[in-house]
$ cat coords_9.csv   # CSV, C-alpha atoms
chain,number,residue,atom,x,y,z
O,402,MET,CA,307.0,199.0,78.8
O,403,ASP,CA,310.1,201.0,79.9
O,404,LEU,CA,308.9,204.5,80.6
O,405,ASN,CA,311.5,207.1,79.8
O,406,LEU,CA,311.5,210.4,81.6
O,407,VAL,CA,310.2,212.5,78.7
O,408,LEU,CA,307.3,210.1,78.1
O,409,ALA,CA,306.6,210.2,81.9
O,410,LEU,CA,306.4,214.0,81.8
O,411,GLY,CA,304.0,213.9,78.8
O,412,LEU,CA,301.8,211.3,80.4
O,413,THR,CA,301.6,213.0,83.8
O,414,LEU,CA,300.8,216.4,82.2
O,415,THR,CA,298.1,215.3,79.8
O,416,ALA,CA,296.5,212.7,82.2
O,417,GLY,CA,296.6,215.3,85.0
O,418,LEU,CA,294.9,218.0,82.9
O,419,PHE,CA,292.2,215.7,81.5
O,420,GLY,CA,291.6,214.0,84.8
O,421,SER,CA,291.4,217.2,86.8
O,422,ARG,CA,288.8,218.6,84.4
O,423,LEU,CA,286.7,215.4,84.7
O,424,LEU,CA,286.9,215.6,88.5
O,425,ARG,CA,286.0,219.3,88.6
O,426,ARG,CA,282.6,218.3,87.2
O,427,LEU,CA,282.1,216.5,90.5
O,428,GLY,CA,282.9,219.7,92.4
O,429,LEU,CA,286.5,218.9,93.3
O,430,PRO,CA,289.2,221.5,92.9
O,431,SER,CA,291.9,220.8,90.3
O,432,VAL,CA,294.5,220.1,93.0
O,433,THR,CA,292.6,217.1,94.3
O,434,GLY,CA,292.1,215.9,90.8
O,435,TYR,CA,295.8,216.1,90.0
O,436,ILE,CA,296.7,214.1,93.2
O,437,ILE,CA,294.1,211.4,92.5
O,438,ILE,CA,295.4,211.0,88.9
O,439,GLY,CA,299.0,210.7,90.2
O,440,LEU,CA,297.9,208.1,92.8
O,441,ILE,CA,296.2,206.1,90.0
O,442,LEU,CA,299.3,206.3,87.7
O,443,GLY,CA,301.8,205.6,90.5
O,444,PRO,CA,303.4,202.5,92.0
O,445,SER,CA,300.7,202.1,94.7
O,446,VAL,CA,297.9,201.5,92.2
O,447,SER,CA,298.6,200.8,88.5
O,448,GLY,CA,302.4,201.1,88.5
O,449,ILE,CA,302.3,202.8,85.0
O,450,VAL,CA,304.9,205.3,86.3
O,451,PRO,CA,307.5,203.2,88.2
O,452,LEU,CA,309.3,204.3,91.4
O,453,ASP,CA,312.7,205.1,89.8
O,454,THR,CA,311.0,207.4,87.3
O,455,VAL,CA,309.1,209.2,90.1
O,456,ALA,CA,312.5,209.8,91.8
O,457,GLN,CA,313.9,211.4,88.6
O,458,LEU,CA,310.9,213.8,88.5
O,459,ASP,CA,311.6,215.2,92.0
O,460,ILE,CA,313.4,218.2,90.7
O,461,LEU,CA,310.0,219.6,89.7
O,462,THR,CA,309.1,219.9,93.3
O,463,SER,CA,311.8,222.4,94.0
O,464,ILE,CA,311.1,224.3,90.8
O,465,THR,CA,307.3,224.6,91.5
O,466,LEU,CA,307.8,225.5,95.2
O,467,ALA,CA,310.2,228.3,94.2
O,468,VAL,CA,307.8,229.8,91.7
O,469,VAL,CA,304.8,229.5,94.1
O,470,ALA,CA,306.8,231.1,96.9
O,471,TYR,CA,307.7,234.0,94.5
O,472,LEU,CA,304.0,234.4,93.5
O,473,ILE,CA,302.9,234.4,97.1
O,474,GLY,CA,305.5,237.1,98.1
O,475,GLY,CA,304.5,239.1,95.0
O,476,SER,CA,300.8,239.1,96.0
O,477,LEU,CA,301.6,240.7,99.4
O,478,ARG,CA,301.5,244.4,98.6
O,479,LEU,CA,302.1,246.8,101.5
O,480,ASP,CA,299.0,248.9,100.6
O,481,SER,CA,296.8,245.8,100.9
O,482,LEU,CA,298.4,244.6,104.1
O,483,ARG,CA,297.9,247.8,105.9
O,484,GLY,CA,295.1,247.3,108.5
O,485,LEU,CA,295.6,243.5,108.4
O,486,GLY,CA,298.8,243.5,110.5
O,487,SER,CA,297.2,242.5,113.8
O,488,SER,CA,295.0,239.9,112.1
O,489,VAL,CA,297.9,238.2,110.4
O,490,LEU,CA,300.1,238.1,113.5
O,491,TRP,CA,297.3,236.9,115.9
O,492,VAL,CA,296.1,234.2,113.4
O,493,THR,CA,299.6,233.0,112.6
O,494,LEU,CA,300.5,232.6,116.2
O,495,LEU,CA,297.3,231.0,117.5
O,496,GLN,CA,296.6,228.6,114.6
O,497,SER,CA,300.2,227.3,114.9
O,498,LEU,CA,300.0,226.9,118.6
O,499,GLY,CA,296.5,225.3,118.3
O,500,ALA,CA,297.7,222.7,115.8
O,501,TRP,CA,300.8,222.0,117.9
O,502,ALA,CA,298.9,221.6,121.2
O,503,LEU,CA,296.0,219.5,120.0
O,504,VAL,CA,298.1,217.1,117.9
O,505,THR,CA,300.5,216.7,120.8
O,506,VAL,CA,297.7,215.8,123.3
O,507,GLY,CA,295.8,213.6,120.9
O,508,LEU,CA,298.8,211.7,119.6
O,509,SER,CA,300.3,211.2,123.0
O,510,PHE,CA,297.4,209.0,124.0
O,511,ALA,CA,297.0,207.4,120.5
O,512,VAL,CA,300.6,206.2,120.5
O,513,ARG,CA,300.1,204.4,123.9
O,514,TRP,CA,297.0,202.8,122.4
O,515,VAL,CA,298.6,201.7,119.1
O,516,VAL,CA,301.9,200.6,120.7
O,517,PRO,CA,301.0,199.3,124.2
O,518,GLY,CA,303.7,199.4,126.8
O,519,VAL,CA,305.9,202.1,125.4
O,520,PRO,CA,307.0,204.7,128.1
O,521,PHE,CA,305.1,208.0,128.0
O,522,TRP,CA,307.9,210.5,128.6
O,523,GLU,CA,310.6,208.7,126.6
O,524,PHE,CA,308.6,207.6,123.6
O,525,ALA,CA,304.9,208.7,123.3
O,526,PHE,CA,305.2,212.3,124.4
O,527,PRO,CA,308.4,213.2,122.4
O,528,LEU,CA,307.0,211.6,119.2
O,529,ALA,CA,303.7,213.6,119.7
O,530,PHE,CA,305.4,216.8,120.6
O,531,VAL,CA,307.7,216.7,117.5
O,532,VAL,CA,304.8,215.8,115.2
O,533,GLY,CA,302.7,218.6,116.7
O,534,ALA,CA,305.4,221.1,116.0
O,535,ILE,CA,305.6,219.9,112.4
O,536,SER,CA,301.8,220.1,112.1
O,537,SER,CA,301.9,223.9,112.4
O,538,ALA,CA,303.2,224.2,108.8
O,539,THR,CA,300.8,225.0,105.9
O,540,ALA,CA,301.5,224.0,102.3
O,541,PRO,CA,301.9,227.1,100.1
O,542,ALA,CA,301.5,225.3,96.8
O,543,ALA,CA,298.0,223.9,97.3
O,544,THR,CA,296.8,227.2,98.8
O,545,MET,CA,298.1,229.3,96.0
O,546,ALA,CA,296.8,227.0,93.3
O,547,ILE,CA,293.3,227.3,94.6
O,548,VAL,CA,293.5,231.0,95.1
O,549,ARG,CA,294.6,231.4,91.4
O,550,GLU,CA,292.1,228.9,90.2
O,551,GLU,CA,289.2,230.8,91.9
O,552,LYS,CA,290.8,234.2,91.0
O,553,ALA,CA,290.2,235.2,94.6
O,554,LYS,CA,290.6,238.7,95.9
O,555,GLY,CA,289.7,240.3,99.2
O,556,PRO,CA,290.6,240.6,102.9
O,557,LEU,CA,290.4,236.8,103.5
O,558,THR,CA,292.6,236.0,100.6
O,559,THR,CA,295.2,238.6,101.5
O,560,THR,CA,295.3,237.4,105.1
O,561,LEU,CA,295.5,233.8,104.0
O,562,LEU,CA,298.5,234.4,101.8
O,563,ALA,CA,300.2,236.5,104.5
O,564,VAL,CA,299.7,233.8,107.1
O,565,VAL,CA,301.0,231.1,104.7
O,566,ALA,CA,304.1,233.2,104.0
O,567,LEU,CA,304.8,233.4,107.8
O,568,ASP,CA,304.0,229.8,108.6
O,569,ASP,CA,307.2,228.4,107.2
O,570,GLY,CA,309.3,230.4,109.7
O,571,VAL,CA,307.0,229.5,112.6
O,572,ALA,CA,307.2,225.8,111.7
O,573,VAL,CA,311.0,226.0,111.7
O,574,PHE,CA,311.1,227.7,115.1
O,575,ALA,CA,308.5,225.2,116.5
O,576,PHE,CA,310.4,222.3,115.2
O,577,ALA,CA,313.7,223.5,116.7
O,578,ILE,CA,312.1,224.0,120.1
O,579,ALA,CA,310.5,220.5,119.9
O,580,LEU,CA,313.8,218.9,119.2
O,581,GLY,CA,315.4,220.8,122.0
O,582,VAL,CA,312.8,219.8,124.5
O,583,CYS,CA,312.7,216.1,123.4
O,584,ALA,CA,316.3,215.3,122.9
O,585,PRO,CA,317.1,215.1,126.7
O,586,LEU,CA,314.0,212.9,127.2
O,587,VAL,CA,315.0,210.4,124.5
O,588,ILE,CA,318.8,210.6,124.1
O,589,PRO,CA,320.7,209.7,127.3
O,590,GLY,CA,323.2,212.4,128.2
O,591,ALA,CA,321.9,214.9,125.6
O,592,SER,CA,322.1,218.5,126.6
O,593,VAL,CA,320.5,221.3,124.6
O,594,THR,CA,321.0,225.1,125.3
O,595,ALA,CA,318.7,227.9,124.5
O,596,GLY,CA,321.2,229.2,122.1
O,597,THR,CA,321.2,226.1,119.9
O,598,VAL,CA,317.4,225.9,120.0
O,599,LEU,CA,316.7,229.6,119.1
O,600,LEU,CA,319.8,231.0,117.3
O,601,GLY,CA,319.9,228.2,114.7
O,602,PRO,CA,316.4,228.7,113.4
O,603,LEU,CA,316.7,232.5,113.6
O,604,TRP,CA,319.9,232.4,111.5
O,605,HIS,CA,318.1,230.1,109.0
O,606,ILE,CA,315.2,232.4,108.6
O,607,VAL,CA,317.2,235.7,108.5
O,608,ALA,CA,319.7,234.2,106.0
O,609,SER,CA,317.0,232.9,103.7
O,610,MET,CA,315.1,236.2,103.7
O,611,GLY,CA,318.4,238.1,103.2
O,612,LEU,CA,319.3,236.0,100.2
O,613,GLY,CA,315.9,236.7,98.6
O,614,ALA,CA,316.2,240.4,99.3
O,615,ALA,CA,319.7,240.5,97.9
O,616,LEU,CA,318.6,239.0,94.5
O,617,THR,CA,315.7,241.5,94.2
O,618,PRO,CA,317.8,243.9,91.9
O,619,LEU,CA,317.5,241.2,89.2
O,620,VAL,CA,313.7,241.5,89.3
O,621,VAL,CA,313.8,245.3,89.3
O,622,LEU,CA,316.2,245.4,86.4
O,623,GLY,CA,314.1,243.0,84.4
O,624,THR,CA,311.1,245.2,84.9
O,625,ARG,CA,312.8,248.5,84.0
O,626,PHE,CA,315.0,247.4,81.1
O,627,MET,CA,313.4,244.3,79.5
O,628,ARG,CA,310.8,245.8,77.2
O,629,SER,CA,309.6,242.4,76.0
O,630,ARG,CA,307.4,240.5,78.4
O,631,ASP,CA,308.9,237.2,77.3
O,632,MET,CA,312.4,238.5,78.1
O,633,HIS,CA,311.1,239.9,81.4
O,634,MET,CA,309.6,236.5,82.3
O,635,ALA,CA,312.7,234.7,81.4
O,636,LEU,CA,314.9,236.9,83.6
O,637,VAL,CA,312.5,236.7,86.6
O,638,PHE,CA,312.3,232.9,86.2
O,639,GLY,CA,316.1,232.8,86.1
O,640,ALA,CA,316.2,234.9,89.3
O,641,VAL,CA,313.8,232.6,91.1
O,642,MET,CA,315.8,229.5,90.0
O,643,LEU,CA,319.1,231.1,91.0
O,644,CYS,CA,317.6,231.9,94.4
O,645,ALA,CA,316.3,228.3,94.8
O,646,GLY,CA,319.6,226.8,93.7
O,647,LEU,CA,321.6,228.9,96.1
O,648,CYS,CA,319.2,227.9,99.0
O,649,ILE,CA,319.7,224.2,98.2
O,650,TRP,CA,323.5,224.7,98.1
O,651,LEU,CA,323.5,226.8,101.3
O,652,ASP,CA,320.9,224.6,103.1
O,653,LEU,CA,318.5,227.6,103.4
O,654,SER,CA,314.7,227.8,102.9
O,655,LEU,CA,313.9,228.2,99.2
O,656,ILE,CA,310.3,229.0,100.1
O,657,MET,CA,311.2,231.9,102.5
O,658,ALA,CA,313.9,233.3,100.2
O,659,ASN,CA,311.7,233.4,97.1
O,660,MET,CA,308.8,234.8,99.1
O,661,MET,CA,311.1,237.6,100.1
O,662,LEU,CA,312.3,238.0,96.5
O,663,GLY,CA,308.7,238.4,95.3
O,664,PHE,CA,307.6,240.6,98.2
O,665,VAL,CA,310.5,243.1,98.0
O,666,GLY,CA,310.3,243.1,94.2
O,667,VAL,CA,306.6,243.9,93.9
O,668,ASN,CA,306.7,246.6,96.5
O,669,VAL,CA,309.7,248.3,94.9
O,670,VAL,CA,308.5,248.0,91.3
O,671,ARG,CA,304.8,248.8,92.2
O,672,ARG,CA,303.5,247.5,89.0
O,673,SER,CA,300.1,245.8,89.0
O,674,ASP,CA,301.2,243.0,86.7
O,675,GLU,CA,304.5,242.3,88.3
O,676,PRO,CA,303.6,239.1,90.3
O,677,SER,CA,301.7,237.7,87.3
O,678,VAL,CA,304.8,237.7,85.0
O,679,LEU,CA,305.3,234.0,85.8
O,680,GLY,CA,301.6,233.3,85.8
O,681,GLU,CA,301.7,231.8,82.3
O,682,MET,CA,303.7,228.9,83.7
O,683,GLU,CA,301.3,228.1,86.6
O,684,THR,CA,299.0,225.6,85.0
O,685,ILE,CA,301.9,223.4,83.7
O,686,LEU,CA,303.9,223.6,87.0
O,687,TYR,CA,300.9,223.0,89.3
O,688,THR,CA,299.8,220.0,87.2
O,689,LEU,CA,303.2,218.4,87.3
O,690,PHE,CA,303.7,219.2,90.9
O,691,PHE,CA,300.5,217.7,92.3
O,692,VAL,CA,300.4,214.7,90.0
O,693,LEU,CA,304.0,214.0,91.2
O,694,ALA,CA,302.7,214.3,94.8
O,695,GLY,CA,300.1,211.7,94.0
O,696,LEU,CA,302.8,209.5,92.4
O,697,HIS,CA,304.7,209.6,95.7
O,698,PHE,CA,301.8,208.4,97.8
O,699,ASP,CA,302.2,204.9,99.2
O,700,LEU,CA,298.9,203.5,100.2
O,701,ALA,CA,300.6,200.7,102.2
O,702,VAL,CA,301.6,203.4,104.7
O,703,LEU,CA,297.9,203.8,105.6
O,704,LYS,CA,297.8,200.2,106.8
O,705,THR,CA,300.8,200.6,109.2
O,706,ALA,CA,299.9,204.0,110.7
O,707,GLY,CA,296.3,204.7,109.7
O,708,MET,CA,295.0,205.3,113.2
O,709,LEU,CA,297.8,207.7,114.1
O,710,ALA,CA,297.3,209.5,110.8
O,711,LEU,CA,293.6,210.0,111.5
O,712,VAL,CA,294.4,211.5,114.9
O,713,ILE,CA,297.0,213.8,113.4
O,714,VAL,CA,294.6,215.0,110.6
O,715,PHE,CA,291.6,215.4,113.0
O,716,ALA,CA,293.5,217.2,115.8
O,717,ARG,CA,295.4,219.4,113.4
O,718,CYS,CA,292.2,220.5,111.6
O,719,ILE,CA,290.5,221.4,114.9
O,720,GLY,CA,293.6,223.1,116.2
O,721,LYS,CA,294.1,225.2,113.0
O,722,TYR,CA,290.5,226.2,112.8
O,723,SER,CA,290.0,227.0,116.5
O,724,GLY,CA,293.3,228.9,116.7
O,725,THR,CA,292.5,230.9,113.6
O,726,TYR,CA,289.0,231.8,114.9
O,727,MET,CA,290.5,232.9,118.3
O,728,GLY,CA,293.2,234.9,116.5
O,729,ALA,CA,290.6,236.6,114.3
O,730,VAL,CA,288.4,237.4,117.3
O,731,ALA,CA,291.4,238.8,119.2
O,732,ALA,CA,292.3,241.1,116.2
O,733,HIS,CA,288.7,242.1,115.7
O,734,ALA,CA,288.8,240.7,112.1
O,735,PRO,CA,285.7,240.7,109.9
O,736,GLU,CA,283.2,237.9,110.3
O,737,GLN,CA,284.1,236.2,107.0
O,738,ILE,CA,287.7,235.8,108.2
O,739,ARG,CA,286.6,234.4,111.6
O,740,LYS,CA,284.3,231.8,109.9
O,741,TYR,CA,286.3,230.7,106.9
O,742,LEU,CA,290.0,231.4,107.2
O,743,GLY,CA,290.7,228.4,109.3
O,744,LEU,CA,289.3,226.0,106.7
O,745,ALA,CA,291.7,227.6,104.1
O,746,LEU,CA,294.8,226.9,106.3
O,747,LEU,CA,294.5,223.1,106.3
O,748,PRO,CA,296.7,221.9,103.3
O,749,LYS,CA,300.1,220.5,104.2
O,750,ALA,CA,302.8,218.7,102.2
O,751,GLY,CA,306.4,219.5,101.4
O,752,VAL,CA,307.6,221.4,104.5
O,753,THR,CA,305.9,218.8,106.7
O,754,VAL,CA,307.6,215.8,105.1
O,755,GLY,CA,311.0,217.6,105.0
O,756,LEU,CA,310.9,218.3,108.7
O,757,ALA,CA,309.7,214.8,109.4
O,758,LEU,CA,312.7,213.3,107.6
O,759,LEU,CA,315.0,215.4,109.8
O,760,ALA,CA,313.2,214.4,113.0
O,761,ALA,CA,313.3,210.7,112.0
O,762,ALA,CA,317.0,210.9,111.6
O,763,GLU,CA,317.3,212.6,115.0
O,764,PHE,CA,315.2,210.1,116.9
O,765,PRO,CA,315.7,206.6,115.4
O,766,GLU,CA,313.9,205.2,118.5
O,767,PHE,CA,310.5,206.1,117.0
O,768,GLY,CA,311.6,207.5,113.6
O,769,ASP,CA,309.9,204.9,111.4
O,770,LEU,CA,306.6,205.0,113.2
O,771,MET,CA,306.6,208.8,113.2
O,772,MET,CA,307.5,209.0,109.5
O,773,ASN,CA,304.8,206.5,108.5
O,774,ALA,CA,302.2,208.4,110.6
O,775,ILE,CA,303.1,211.7,109.0
O,776,LEU,CA,303.2,210.3,105.5
O,777,ALA,CA,299.8,208.7,106.0
O,778,SER,CA,298.3,211.9,107.4
O,779,THR,CA,299.7,213.8,104.5
O,780,ILE,CA,298.0,211.4,102.1
O,781,LEU,CA,294.6,211.9,103.8
O,782,ASN,CA,295.1,215.6,104.3
O,783,GLU,CA,295.9,216.3,100.7
O,784,LEU,CA,292.7,214.6,99.6
O,785,ILE,CA,290.4,216.5,102.0
O,786,ALA,CA,292.1,219.9,102.6
O,787,PRO,CA,292.0,221.4,99.0
O,788,PRO,CA,288.2,221.0,98.8
O,789,LEU,CA,287.8,222.7,102.2
O,790,THR,CA,290.1,225.6,101.1
O,791,ARG,CA,288.0,226.1,97.9
O,792,PHE,CA,284.8,226.0,100.0
O,793,ALA,CA,286.2,228.7,102.3
O,794,ILE,CA,287.2,231.0,99.5
O,795,VAL,CA,283.9,230.5,97.6
O,796,ARG,CA,281.7,231.0,100.8
O,797,SER,CA,283.6,234.1,101.8
O,798,GLY,CA,282.5,235.7,98.6
O,799,GLU,CA,286.0,236.3,97.3
O,800,ALA,CA,286.0,233.9,94.4
O,801,ALA,CA,285.5,235.4,91.0
O,802,ALA,CA,282.2,234.6,89.3
O,803,ARG,CA,282.5,231.7,86.9
O,804,GLU,CA,281.8,232.3,83.2
$ encode --input "coords_9.csv" --output "structure tokens"
Amino acid sequence: MDLNLVLALGLTLTAGLFGSRLLRRLGLPSVTGYIIIGLILGPSVSGIVPLDTVAQLDILTSITLAVVAYLIGGSLRLDSLRGLGSSVLWVTLLQSLGAWALVTVGLSFAVRWVVPGVPFWEFAFPLAFVVGAISSATAPAATMAIVREEKAKGPLTTTLLAVVALDDGVAVFAFAIALGVCAPLVIPGASVTAGTVLLGPLWHIVASMGLGAALTPLVVLGTRFMRSRDMHMALVFGAVMLCAGLCIWLDLSLIMANMMLGFVGVNVVRRSDEPSVLGEMETILYTLFFVLAGLHFDLAVLKTAGMLALVIVFARCIGKYSGTYMGAVAAHAPEQIRKYLGLALLPKAGVTVGLALLAAAEFPEFGDLMMNAILASTILNELIAPPLTRFAIVRSGEAAARE
């Protein structure tokens, strides 16, 4: 059967919703259910949704990430962040460094074992160092979806969302530094200056945040002059899409820009329902987004880079958790943040794959192996990380009681 785009949308949405409800009875969060349904429908398993149709649905990724970023920014009110500043900064720094360091060390030796005879400094270490930097990123969509599903509120949830909001910028900086360090090792005659390593990412971050802040008046005007909630929602959604489209056009971060749009907007407007104005779209967007993620998964990748993927997932989880714990201790954070926040910072997806594509183009010497390892680790991670995030939120006591 020739599956047209509209039929594919209807199938992914209905199958995703029913499938996730079924899997929730087994104790899995909806995010994991969506991904499993997508995997079953996709080219790797049943082939019901063919590869060319999956490619046509990719625009949903940008739309969902833009809305999620706005909602995360809109959840970060200054009054709730006061007193958490040191915790957020310490945790963000140490969990990023922890993931980077442990993935680099573990993968350096794993590559030599999987590909015997390759030089350490020209192949194994640069590959591991770049993947380690990429591993510092945390996926905002999965985190936000579970926070919303559990209706979570409290210090751990606020700290979690603040760290996720900063992680994108940290990952960009780490990635740029990794490229700068590794280029002279891999590419003969390559020279990298401190300016190109630091100023480029700094401009990328500042410009993205500046664009989001510049579009804030649209959100403010919508709140003050649109009496109808439907009209208000339409204007805010339009502002979010405008922000995302400009970021794609200007090669900026649509995640960081829309986070800033939501953050500035909610702290200027100061209305309790402001960030939830797009909440009525969440279930539809999350379902399509995560089913699409499942459709993209290629199980054949696990065969070619399965061992490296296991090392990446294992080392990253340990690095994230231990770094978070040390950061929380250094900031004298509450016990629930020390014990559970690290488990909630494990999801990864879009930013990781995007940076991996850039790195693969930069280092063709090991680009294919690195890309397969990262994709395989993403497949494994997206299946195990959402349940751990849900476990952390529930055990911290910040999930709303179920009816």
$ atom_distance --input "coords_9.csv" --atom1 "CA of Thr779 (chain O)" --atom2 "CA of Asp568 (chain O)"
17.1 Å
$ atom_distance --input "coords_9.csv" --atom1 "CA of Trp501 (chain O)" --atom2 "CA of Pro430 (chain O)"
27.6 Å
$ residues_around --input "coords_9.csv" --residues "Ala467 (chain O)" --least-positions-apart "6" --cutoff "8 Å" --atoms "all atoms listed in the file" --output "PyMOL selection string"
chain O and resi 641-642+645+655-656+659
$ closest_residue --input "coords_9.csv" --among "O:Ala710, O:Leu429, O:Val621, O:Leu508" --to "Pro527 (chain O)" --atoms "only C-alpha atoms"
O:Leu508
$ closest_residue --input "coords_9.csv" --among "O:Thr559, O:Thr688, O:Ser778, O:Ser609" --to "Ile649 (chain O)" --atoms "only C-alpha atoms"
O:Ser609
$ atom_distance --input "coords_9.csv" --atom1 "CA of Gly439 (chain O)" --atom2 "CA of Phe792 (chain O)"
23.1 Å
$ closest_residue --input "coords_9.csv" --among "O:Met661, O:Val407, O:Leu414, O:Ala534" --to "Tyr471 (chain O)" --atoms "all atoms listed in the file"
O:Met661
$ closest_residue --input "coords_9.csv" --among "O:Ala706, O:Ile713, O:Ile437, O:Leu479" --to "Phe691 (chain O)" --atoms "only C-alpha atoms"
O:Ile437
$ closest_residue --input "coords_9.csv" --among "O:Val730, O:Val620, O:Ala543, O:Phe574" --to "Ser487 (chain O)" --atoms "all atoms listed in the file"
O:Val730
$ closest_residue --input "coords_9.csv" --among "O:Leu784, O:Val667, O:Leu770, O:Leu696" --to "Val532 (chain O)" --atoms "all atoms listed in the file"
O:Leu770
$ residues_around --input "coords_9.csv" --residues "Val519 (chain O)" --least-positions-apart "6" --cutoff "12 Å" --atoms "all atoms listed in the file" --output "ChimeraX atom specification"
/O:509-513,525-528,766-767
